[in-house]
Amino acid sequence: MSTANPHFLLPKLFPDEIIFHKTVKDSQVPYTMEAFLHFCCSKNHLGPNLKTWRNCPVLTCPDQEVHIADFLRGFAIKFELFTSFPVSHCWTAQNKNSSMPGTDSPNKPDIVFLDPVNLVDFRTILTILEVKSSTMMKSEIFQLCAQRARLIFSSQDTCHFVVTSLLHQDELTIVLFDRGGSIVCSPFNIHSEPDTFARFVLGFLCAAPPYLGYDPSVWTGTIQNLMFCRLQLHIKFTPFVSTQIHGRGTVIWLAEVGPQSDLANKKSGLRMGIP
């Protein structure tokens, strides 16, 4: 386990050009995180001196998960007003009291993030945010985030890394896991450091799947395909996904050479007598 400063890690994970990439290339307007914060302040979403988010619920209120999810969804509206570019992904707390499908054991994540065209399921969610108002030790935060990351890894065979998080009162802790280890960020206050918090929320809203931990060599259409050593392979099914976060051989695919690969075309040509 390694530690990191979120002010260093998040700009590396979600730089401005990743968050605003779909708007910058078609506009002369300097879309940056700083400009976004000033826009929020001008619309009274953020307090004076770019501190304290307006309408952020207190975590001791009833149904705190639902209110936090609503607050996070508000960032999509802010982003659309700022850039005139729509975003489709969203946060939901619909399984805070009911077990989410997709795993063998019952689990009730507080808030999850996903593309709303998909059903809420451990096989489709992109991250989990836990919301806690009671006192928690650092080790407890890490263990809960690790348990949530393990559920995503074991349910999705294309994850390279998983970003999980826990909001404890006004402090957010971000933990990144991959198959080799983990990075725990120091907790930060979402109100006194709104730029870091906005980068975290907008990063998930706007970044492409590879920046959220998904294997760019695998893509899903009517069938799931994998590019390996310049070969296009059709993944028939996944016979094994490890239930552990760390290790080697954590995912096994059964695949066949697809019709668009160089090898398949060469074999087809030989069968037709083409040299």
# chains A, B, ... in the order shown; residues from 1 in each chain; ligands from 1
>>> residues_around(residues="Asn44 (chain A)", least_positions_apart="4", cutoff="9 Å", atoms="only C-alpha atoms", output="PyMOL selection string")
chain A and resi 39-40+48+53-54
>>> write_last_selection(atoms="C-alpha atoms", output="PDB file, in the first residue's frame")
ATOM      1  CA  PHE A  39     -18.482  29.772 -13.271  1.00  0.00           C
ATOM      2  CA  CYS A  40     -19.907  27.866 -10.272  1.00  0.00           C
ATOM      3  CA  PRO A  48     -17.096  33.484  -2.056  1.00  0.00           C
ATOM      4  CA  TRP A  53     -20.225  24.161  -2.082  1.00  0.00           C
ATOM      5  CA  ARG A  54     -23.797  25.413  -1.865  1.00  0.00           C
TER       6      ARG A  54
END
>>> closest_atom_pairs(of="region 189-220 of chain A", to="region 78-102 of chain A", cutoff="12 Å", atoms="only C-alpha atoms", output="JSON lines")
{"residue": "A:Ala198", "atom": "CA", "partner": "A:Phe79", "partner_atom": "CA", "distance": 10.2}
{"residue": "A:Arg199", "atom": "CA", "partner": "A:Phe79", "partner_atom": "CA", "distance": 11.5}
{"residue": "A:Val201", "atom": "CA", "partner": "A:Trp91", "partner_atom": "CA", "distance": 9.8}
{"residue": "A:Leu202", "atom": "CA", "partner": "A:Phe79", "partner_atom": "CA", "distance": 7.9}
{"residue": "A:Gly203", "atom": "CA", "partner": "A:His89", "partner_atom": "CA", "distance": 11.1}
{"residue": "A:Phe204", "atom": "CA", "partner": "A:His89", "partner_atom": "CA", "distance": 8.2}
{"residue": "A:Leu205", "atom": "CA", "partner": "A:His89", "partner_atom": "CA", "distance": 5.9}
{"residue": "A:Cys206", "atom": "CA", "partner": "A:Val87", "partner_atom": "CA", "distance": 7.0}
{"residue": "A:Ala207", "atom": "CA", "partner": "A:His89", "partner_atom": "CA", "distance": 10.4}
{"residue": "A:Ala208", "atom": "CA", "partner": "A:His89", "partner_atom": "CA", "distance": 11.2}
{"residue": "A:Pro209", "atom": "CA", "partner": "A:His89", "partner_atom": "CA", "distance": 11.6}
>>> residues_around(residues="Cys159 (chain A)", least_positions_apart="5", cutoff="9 Å", atoms="only C-alpha atoms", output="PyMOL selection string")
chain A and resi 152-153+178+212-215
>>> write_last_selection(atoms="N, CA, C and O atoms", output="compact mmCIF listing (two decimals), in the first residue's frame")
# COMPACT_ATOMS: atom_id res chain seq x y z
N ILE A 152 -15.90 -5.15 -7.65
CA ILE A 152 -15.87 -4.69 -9.05
C ILE A 152 -14.91 -5.53 -9.87
O ILE A 152 -15.23 -5.98 -10.97
N PHE A 153 -13.71 -5.79 -9.34
CA PHE A 153 -12.73 -6.61 -10.05
C PHE A 153 -13.31 -8.00 -10.37
O PHE A 153 -13.13 -8.52 -11.47
N ASP A 178 -5.00 -1.62 -8.15
CA ASP A 178 -4.81 -2.41 -9.36
C ASP A 178 -4.35 -3.79 -8.93
O ASP A 178 -4.32 -4.10 -7.73
N LEU A 212 -10.70 5.42 -16.64
CA LEU A 212 -11.42 4.96 -15.46
C LEU A 212 -11.01 3.54 -15.07
O LEU A 212 -11.61 2.94 -14.19
N GLY A 213 -10.00 3.02 -15.77
CA GLY A 213 -9.44 1.72 -15.38
C GLY A 213 -9.72 0.57 -16.31
O GLY A 213 -9.35 -0.57 -16.01
N TYR A 214 -10.37 0.83 -17.46
CA TYR A 214 -10.79 -0.27 -18.32
C TYR A 214 -9.79 -0.51 -19.45
O TYR A 214 -9.20 0.42 -19.99
N ASP A 215 -9.62 -1.78 -19.78
CA ASP A 215 -8.64 -2.23 -20.76
C ASP A 215 -8.98 -1.66 -22.14
O ASP A 215 -10.02 -2.00 -22.71
>>> residues_around(residues="Gln147 (chain A)", least_positions_apart="3", cutoff="10 Å", atoms="only C-alpha atoms", output="number ranges by chain")
A: 142-144, 150-152, 164, 244-245
>>> write_last_selection(atoms="N, CA and C atoms", output="mmCIF file, in the first residue's frame")
data_model
loop_
_atom_site.group_PDB
_atom_site.id
_atom_site.type_symbol
_atom_site.label_atom_id
_atom_site.label_comp_id
_atom_site.auth_asym_id
_atom_site.auth_seq_id
_atom_site.Cartn_x
_atom_site.Cartn_y
_atom_site.Cartn_z
ATOM 1 N N PHE A 142 -9.868 2.053 4.537
ATOM 2 C CA PHE A 142 -9.154 1.270 3.520
ATOM 3 C C PHE A 142 -9.808 -0.093 3.321
ATOM 4 N N GLN A 143 -10.158 -0.753 4.391
ATOM 5 C CA GLN A 143 -10.746 -2.083 4.276
ATOM 6 C C GLN A 143 -12.083 -2.049 3.547
ATOM 7 N N LEU A 144 -12.894 -1.030 3.806
ATOM 8 C CA LEU A 144 -14.179 -0.918 3.122
ATOM 9 C C LEU A 144 -13.972 -0.638 1.636
ATOM 10 N N ARG A 150 -12.771 -5.100 -4.675
ATOM 11 C CA ARG A 150 -12.744 -6.538 -4.965
ATOM 12 C C ARG A 150 -14.026 -6.972 -5.667
ATOM 13 N N LEU A 151 -15.151 -6.407 -5.265
ATOM 14 C CA LEU A 151 -16.420 -6.759 -5.894
ATOM 15 C C LEU A 151 -16.455 -6.327 -7.359
ATOM 16 N N ILE A 152 -15.902 -5.147 -7.655
ATOM 17 C CA ILE A 152 -15.870 -4.686 -9.045
ATOM 18 C C ILE A 152 -14.907 -5.532 -9.866
ATOM 19 N N THR A 164 -11.900 3.790 -5.898
ATOM 20 C CA THR A 164 -12.995 3.814 -4.929
ATOM 21 C C THR A 164 -12.827 5.032 -4.030
ATOM 22 N N GLN A 244 -9.746 -12.241 -5.775
ATOM 23 C CA GLN A 244 -8.758 -11.455 -5.052
ATOM 24 C C GLN A 244 -8.355 -10.248 -5.899
ATOM 25 N N ILE A 245 -7.987 -9.169 -5.256
ATOM 26 C CA ILE A 245 -7.596 -7.965 -5.982
ATOM 27 C C ILE A 245 -6.229 -8.148 -6.631
#
>>> closest_atom_pairs(of="region 138-233 of chain A", to="region 113-134 of chain A", cutoff="8 Å", atoms="only C-alpha atoms", output="Markdown table")
| residue | atom | partner | partner_atom | distance |
| --- | --- | --- | --- | --- |
| A:Arg148 | CA | A:Ile128 | CA | 7.0 |
| A:Leu151 | CA | A:Phe122 | CA | 7.1 |
| A:Ile152 | CA | A:Phe122 | CA | 6.0 |
| A:Ser155 | CA | A:Arg123 | CA | 5.1 |
| A:Gln156 | CA | A:Arg123 | CA | 5.4 |
| A:Val162 | CA | A:Thr127 | CA | 7.1 |
| A:Val163 | CA | A:Thr127 | CA | 6.3 |
| A:Thr164 | CA | A:Ile128 | CA | 5.6 |
| A:Ser165 | CA | A:Leu129 | CA | 4.9 |
| A:Leu166 | CA | A:Glu130 | CA | 4.6 |
| A:Leu167 | CA | A:Val131 | CA | 4.8 |
| A:His168 | CA | A:Lys132 | CA | 4.9 |
| A:Gln169 | CA | A:Ser133 | CA | 5.2 |
| A:Leu212 | CA | A:Leu126 | CA | 7.3 |
>>> write_last_selection(atoms="N, CA, C and O atoms", output="PDB file, in the first residue's frame")
ATOM      1  N   ARG A 148     -14.992  -3.063  -1.642  1.00  0.00           N
ATOM      2  CA  ARG A 148     -15.769  -2.596  -2.790  1.00  0.00           C
ATOM      3  C   ARG A 148     -14.985  -2.793  -4.090  1.00  0.00           C
ATOM      4  O   ARG A 148     -15.553  -3.192  -5.110  1.00  0.00           O
ATOM      5  N   LEU A 151     -15.151  -6.407  -5.265  1.00  0.00           N
ATOM      6  CA  LEU A 151     -16.420  -6.759  -5.894  1.00  0.00           C
ATOM      7  C   LEU A 151     -16.455  -6.327  -7.359  1.00  0.00           C
ATOM      8  O   LEU A 151     -16.967  -7.045  -8.216  1.00  0.00           O
ATOM      9  N   ILE A 152     -15.902  -5.147  -7.655  1.00  0.00           N
ATOM     10  CA  ILE A 152     -15.870  -4.686  -9.045  1.00  0.00           C
ATOM     11  C   ILE A 152     -14.907  -5.532  -9.866  1.00  0.00           C
ATOM     12  O   ILE A 152     -15.231  -5.979 -10.975  1.00  0.00           O
ATOM     13  N   SER A 155     -16.323  -8.904 -10.704  1.00  0.00           N
ATOM     14  CA  SER A 155     -17.533  -8.877 -11.522  1.00  0.00           C
ATOM     15  C   SER A 155     -17.281  -8.387 -12.948  1.00  0.00           C
ATOM     16  O   SER A 155     -18.119  -8.574 -13.824  1.00  0.00           O
ATOM     17  N   GLN A 156     -16.122  -7.735 -13.168  1.00  0.00           N
ATOM     18  CA  GLN A 156     -15.834  -7.151 -14.475  1.00  0.00           C
ATOM     19  C   GLN A 156     -14.448  -7.600 -14.934  1.00  0.00           C
ATOM     20  O   GLN A 156     -13.454  -7.326 -14.268  1.00  0.00           O
ATOM     21  N   VAL A 162      -9.202   0.094 -10.292  1.00  0.00           N
ATOM     22  CA  VAL A 162     -10.486   0.561  -9.776  1.00  0.00           C
ATOM     23  C   VAL A 162     -10.227   1.717  -8.820  1.00  0.00           C
ATOM     24  O   VAL A 162      -9.365   1.624  -7.946  1.00  0.00           O
ATOM     25  N   VAL A 163     -10.970   2.790  -9.003  1.00  0.00           N
ATOM     26  CA  VAL A 163     -10.907   3.934  -8.093  1.00  0.00           C
ATOM     27  C   VAL A 163     -12.130   3.886  -7.190  1.00  0.00           C
ATOM     28  O   VAL A 163     -13.266   3.904  -7.670  1.00  0.00           O
ATOM     29  N   THR A 164     -11.900   3.790  -5.898  1.00  0.00           N
ATOM     30  CA  THR A 164     -12.995   3.814  -4.929  1.00  0.00           C
ATOM     31  C   THR A 164     -12.827   5.032  -4.030  1.00  0.00           C
ATOM     32  O   THR A 164     -11.763   5.658  -3.999  1.00  0.00           O
ATOM     33  N   SER A 165     -13.861   5.357  -3.284  1.00  0.00           N
ATOM     34  CA  SER A 165     -13.776   6.547  -2.439  1.00  0.00           C
ATOM     35  C   SER A 165     -14.754   6.434  -1.274  1.00  0.00           C
ATOM     36  O   SER A 165     -15.722   5.664  -1.324  1.00  0.00           O
ATOM     37  N   LEU A 166     -14.483   7.225  -0.253  1.00  0.00           N
ATOM     38  CA  LEU A 166     -15.350   7.265   0.920  1.00  0.00           C
ATOM     39  C   LEU A 166     -15.436   8.703   1.406  1.00  0.00           C
ATOM     40  O   LEU A 166     -14.414   9.349   1.639  1.00  0.00           O
ATOM     41  N   LEU A 167     -16.660   9.193   1.518  1.00  0.00           N
ATOM     42  CA  LEU A 167     -16.908  10.537   2.040  1.00  0.00           C
ATOM     43  C   LEU A 167     -17.273  10.412   3.502  1.00  0.00           C
ATOM     44  O   LEU A 167     -18.329   9.871   3.852  1.00  0.00           O
ATOM     45  N   HIS A 168     -16.379  10.913   4.358  1.00  0.00           N
ATOM     46  CA  HIS A 168     -16.572  10.852   5.809  1.00  0.00           C
ATOM     47  C   HIS A 168     -16.792  12.269   6.306  1.00  0.00           C
ATOM     48  O   HIS A 168     -15.853  13.065   6.348  1.00  0.00           O
ATOM     49  N   GLN A 169     -18.049  12.597   6.622  1.00  0.00           N
ATOM     50  CA  GLN A 169     -18.432  13.966   6.952  1.00  0.00           C
ATOM     51  C   GLN A 169     -18.061  14.867   5.769  1.00  0.00           C
ATOM     52  O   GLN A 169     -18.621  14.696   4.696  1.00  0.00           O
ATOM     53  N   LEU A 212     -10.700   5.419 -16.643  1.00  0.00           N
ATOM     54  CA  LEU A 212     -11.420   4.956 -15.457  1.00  0.00           C
ATOM     55  C   LEU A 212     -11.006   3.542 -15.075  1.00  0.00           C
ATOM     56  O   LEU A 212     -11.605   2.935 -14.192  1.00  0.00           O
TER      57      LEU A 212
END
>>> closest_residue(among="A:Pro6, A:Ile18, A:Arg179, A:Pro62", to="Arg248 (chain A)", atoms="only C-alpha atoms")
A:Arg179
>>> residues_around(residues="region 30-37 of chain A", least_positions_apart="3", cutoff="10 Å", atoms="only C-alpha atoms", output="ChimeraX atom specification")
/A:15-17,19-21,23-24,27,40-43,45-46,50-51,78-79,82-83,194-196,198-199,202
>>> write_last_selection(atoms="N, CA and C atoms", output="compact mmCIF listing (two decimals), in the first residue's frame")
# COMPACT_ATOMS: atom_id res chain seq x y z
N PRO A 15 -6.57 15.04 -15.95
CA PRO A 15 -6.13 16.40 -16.30
C PRO A 15 -7.23 17.15 -17.05
N ASP A 16 -7.07 18.45 -17.15
CA ASP A 16 -8.08 19.28 -17.82
C ASP A 16 -8.37 18.80 -19.24
N GLU A 17 -7.32 18.39 -19.96
CA GLU A 17 -7.53 17.98 -21.35
C GLU A 17 -8.35 16.71 -21.47
N ILE A 19 -10.85 15.97 -19.06
CA ILE A 19 -12.20 16.36 -18.63
C ILE A 19 -12.90 17.20 -19.69
N PHE A 20 -12.16 18.14 -20.29
CA PHE A 20 -12.78 19.08 -21.21
C PHE A 20 -12.45 18.79 -22.67
N HIS A 21 -11.94 17.61 -22.98
CA HIS A 21 -11.42 17.33 -24.32
C HIS A 21 -12.47 17.46 -25.41
N THR A 23 -14.86 19.51 -25.62
CA THR A 23 -15.30 20.87 -25.85
C THR A 23 -14.16 21.77 -26.31
N VAL A 24 -12.95 21.51 -25.82
CA VAL A 24 -11.81 22.37 -26.15
C VAL A 24 -11.51 22.35 -27.64
N SER A 27 -13.68 24.77 -29.69
CA SER A 27 -13.98 26.08 -29.13
C SER A 27 -12.70 26.81 -28.77
N CYS A 40 -19.06 28.33 -11.38
CA CYS A 40 -19.91 27.87 -10.27
C CYS A 40 -20.12 28.97 -9.25
N CYS A 41 -19.08 29.75 -8.99
CA CYS A 41 -19.20 30.85 -8.04
C CYS A 41 -20.15 31.91 -8.58
N SER A 42 -20.08 32.20 -9.88
CA SER A 42 -20.95 33.20 -10.47
C SER A 42 -22.42 32.79 -10.45
N LYS A 43 -22.66 31.48 -10.44
CA LYS A 43 -24.03 30.95 -10.40
C LYS A 43 -24.47 30.61 -8.98
N HIS A 45 -23.29 28.46 -6.97
CA HIS A 45 -23.12 27.05 -6.59
C HIS A 45 -21.95 26.89 -5.64
N LEU A 46 -21.08 27.88 -5.64
CA LEU A 46 -19.87 27.86 -4.81
C LEU A 46 -19.77 29.19 -4.11
N LEU A 50 -14.21 31.08 -3.76
CA LEU A 50 -14.18 29.71 -4.29
C LEU A 50 -14.07 28.67 -3.17
N LYS A 51 -14.85 28.87 -2.12
CA LYS A 51 -14.87 27.94 -1.00
C LYS A 51 -16.32 27.59 -0.66
N LYS A 78 -24.15 21.49 -13.93
CA LYS A 78 -23.19 22.60 -13.94
C LYS A 78 -22.25 22.49 -15.14
N PHE A 79 -21.78 21.27 -15.41
CA PHE A 79 -20.85 21.07 -16.52
C PHE A 79 -21.53 21.38 -17.85
N PHE A 82 -21.87 25.08 -18.29
CA PHE A 82 -20.56 25.70 -18.50
C PHE A 82 -20.03 25.45 -19.90
N THR A 83 -20.20 24.24 -20.42
CA THR A 83 -19.59 23.86 -21.68
C THR A 83 -20.58 23.69 -22.83
N PRO A 194 -12.26 22.83 -3.20
CA PRO A 194 -13.29 22.49 -4.19
C PRO A 194 -12.73 22.09 -5.54
N ASP A 195 -11.52 22.58 -5.89
CA ASP A 195 -10.94 22.21 -7.17
C ASP A 195 -10.63 20.72 -7.23
N THR A 196 -10.11 20.18 -6.14
CA THR A 196 -9.78 18.75 -6.09
C THR A 196 -11.05 17.92 -6.13
N ALA A 198 -14.03 18.84 -7.40
CA ALA A 198 -14.65 18.96 -8.72
C ALA A 198 -13.91 18.12 -9.75
N ARG A 199 -12.60 18.05 -9.64
CA ARG A 199 -11.82 17.24 -10.58
C ARG A 199 -12.18 15.76 -10.42
N LEU A 202 -15.95 15.45 -11.91
CA LEU A 202 -16.00 15.65 -13.35
C LEU A 202 -15.14 14.63 -14.10
>>> select_by_dssp(residues="region 25-252 of chain A", states="strand (DSSP E)", output="ChimeraX atom specification")
/A:90-92,111-114,127-132,161-168,171-178,181-185,188-189,218-220,224-228,231-241,251-252
>>> select_by_dssp(residues="region 19-256 of chain A", states="helix (DSSP H, G or I)", output="number ranges by chain")
A: 19, 21-24, 33-42, 48-50, 64-83, 138-155, 194-206, 209-212
